[in-house]
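Chemist: One structure follows; several queries about it will come next.
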Amino acid sequence: MNLDAFWQALEYSPIGDFVAVSGWAFPALESAHVIGVVLVVGSIAIMDLRLLGVASKVCSVSQLSRDTLPWTWAAFVVAAVTGGLLFFSNASGYAANSFFQWKMVLLILAGLNMAIFHFFTWKSVHNWDVDCEVPTAGKVAGALSLIFWILVVTCGRWIGFTLGGFF
Amino acid sequence: MYEFAEWLSTTPLLGLANSIWGWGFSEWMRANFWVIPTVQTIHILAIAAVFGSVFMINLRILELAGRTQTMTWTAQRYLPWVWWGLLVLLVSGALLIIAEPPRELVNPAFWIKMGLVLIATLVSLWFQATVRRNIAIWETSHPKRVLIRIAAVAVIVLWGAIIVMGRWIAYAPVY
């Protein structure tokens, strides 16, 4: 089965068909997707701004991470599930859309950035947790994270304008 | 919704929308394909700042996050982002109305959204005032604790409804 046939199979599956045909499913999923996305970006930005030394400076980095990260992941699950269902409704259209492709690449980059930060930079967090300058690697991770997520939102909005239909 | 949309089209708003449509600036925004998606992207990023901040404040009230920080610190940390974010939302939202006036001005979802935004703004102003003058309300031992928790959940739901109505502007009936 080639890739095009796979996208079409998703599209003509009962789920894909339902999201595409039902009058309310697509806008409802889109609304939930926006709520998920803004909470992911909002909560990640709180951490990024702390790493960059812009906000929450008196709060310990690890404490702020404990306060935000569970909500980031919860919101990410909402965004990914609703995004997946939206994708089903027009899988071959999304797969061929360059803004969609860029959005997926940027999501992978954001994930890699987070993984590198978590597995390397975070190991020494006890040294720079409170009242301390965040190491350069941490600041770079914060700046890259902000850039990647702003671009993810940008590409996401452009998909709606380049795919046809409602926007 | 349909009756509301029909009624909106009988108000002077329709004439206003049509006259804004003819502005040079309005025409310029529509003629340059990148303008509307860019302003919408800024609008969504500002929502992320406002909703993220409102969410953290209310999680603190519900004691689900940020318990190691005081209520005063939490308010000082997040409220400026709510107010500056709202300003960006107002400006970018106004630009989107100028670009496509009938899409919003005679749209029932838009006016429901504006009503909810007004309520949410008043709630934030009240919250800011009580944090400054009556900090005791936010203490864990306060007798009205249950009421305050319900209100915190309601505020999160309120902002969620604002986002839903915002997205519904693209789908609501317009005459």
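Every chain in the structure tokens takes a letter, A first, then B, and so on in the order presented; its residues are numbered from 1, and the ligands are numbered from 1 following the presented order.
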Counting only C-alpha atoms, give me one row per residue of chain A with an atom at most 6 Å from an atom of chain B, showing the shortest contact pair and its distance in Å to one decimal, sorted by chain then residue number, as CSV.

Modeler:
```
residue,atom,partner,partner_atom,distance
A:Ser31,CA,B:Val164,CA,5.0
A:Val38,CA,B:Ala48,CA,4.2
A:Leu39,CA,B:Gly52,CA,5.5
A:Gly42,CA,B:Gly52,CA,4.4
A:Ser43,CA,B:Gly52,CA,5.8
A:Asp67,CA,B:Ala65,CA,4.9
A:Thr154,CA,B:Thr41,CA,5.5
```

Chemist: Can you tell me, as a PyMOL selection string, what residues are no more than 10 Å from B:Glu27 when counting only C-alpha atoms, ignoring any on the same chain fewer than 4 positions away?

Modeler: chain B and resi 20-23+31-32+98-100

Chemist: Could those residues be written to a file, using N, CA, C and O atoms, as a compact mmCIF listing (two decimals), in the first residue's frame?

Modeler:
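The new file result-v8.txt reads:
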```txt
# COMPACT_ATOMS: atom_id res chain seq x y z
N ILE B 20 -17.24 50.27 5.99
CA ILE B 20 -15.83 49.95 6.32
C ILE B 20 -15.20 49.14 5.19
O ILE B 20 -14.04 49.32 4.86
N TRP B 21 -15.99 48.25 4.60
CA TRP B 21 -15.53 47.40 3.49
C TRP B 21 -14.92 48.26 2.37
O TRP B 21 -13.98 47.85 1.71
N GLY B 22 -15.44 49.47 2.19
CA GLY B 22 -14.97 50.35 1.11
C GLY B 22 -13.72 51.15 1.44
O GLY B 22 -13.14 51.79 0.56
N TRP B 23 -13.29 51.14 2.71
CA TRP B 23 -12.07 51.88 3.08
C TRP B 23 -10.87 51.37 2.28
O TRP B 23 -10.76 50.16 2.03
N ALA B 31 -6.49 42.65 -0.35
CA ALA B 31 -5.74 42.47 -1.60
C ALA B 31 -4.41 41.77 -1.36
O ALA B 31 -3.89 41.10 -2.25
N ASN B 32 -3.84 41.95 -0.15
CA ASN B 32 -2.57 41.29 0.16
C ASN B 32 -2.86 40.03 0.97
O ASN B 32 -3.19 40.09 2.15
N ILE B 98 -11.81 45.29 10.38
CA ILE B 98 -11.66 46.24 9.27
C ILE B 98 -11.42 45.50 7.95
O ILE B 98 -11.94 45.88 6.91
N ALA B 99 -10.66 44.38 8.03
CA ALA B 99 -10.36 43.63 6.81
C ALA B 99 -11.62 43.00 6.20
O ALA B 99 -11.81 43.03 4.99
N GLU B 100 -12.45 42.39 7.07
CA GLU B 100 -13.65 41.71 6.57
C GLU B 100 -14.84 42.06 7.48
O GLU B 100 -15.32 41.20 8.21
```

Chemist: Kindly give the distance, in Å, that separates atom CA of A:Ala74 and atom CA of A:Ser60, rounded to a single decimal.

Modeler: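 Between atom CA of A:Ala74 and atom CA of A:Ser60 the gap works out to 22.2 Å.
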
Chemist: For B:Gly115, which residue among B:Ile135, B:Leu158, B:Ala151, B:Val35 is the nearest when counting only C-alpha atoms?

Modeler: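 So, comparing all the options, the nearest one is B:Leu158.
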
Chemist: Name the residues in contact with B:Val123 at a cut-off of 9 Å, using only C-alpha atoms, excluding same-chain residues fewer than 5 positions from it; report them as a ChimeraX atom specification.

Modeler: /B:118,128,155

Chemist: Here is a test: counting only C-alpha atoms, which residue of B:Arg149, B:Leu62, B:Ala5, B:Trp81 is nearest to A:Ile46?

Modeler: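 Ranking B:Arg149, B:Leu62, B:Ala5, B:Trp81 by distance to A:Ile46, first place goes to B:Trp81.
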
Chemist: To one decimal in Å, tell me the separation between atom CA of A:Ser92 and atom CA of A:Val105.

Modeler: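 Result for atom CA of A:Ser92 versus atom CA of A:Val105: 17.3 Å, one decimal.
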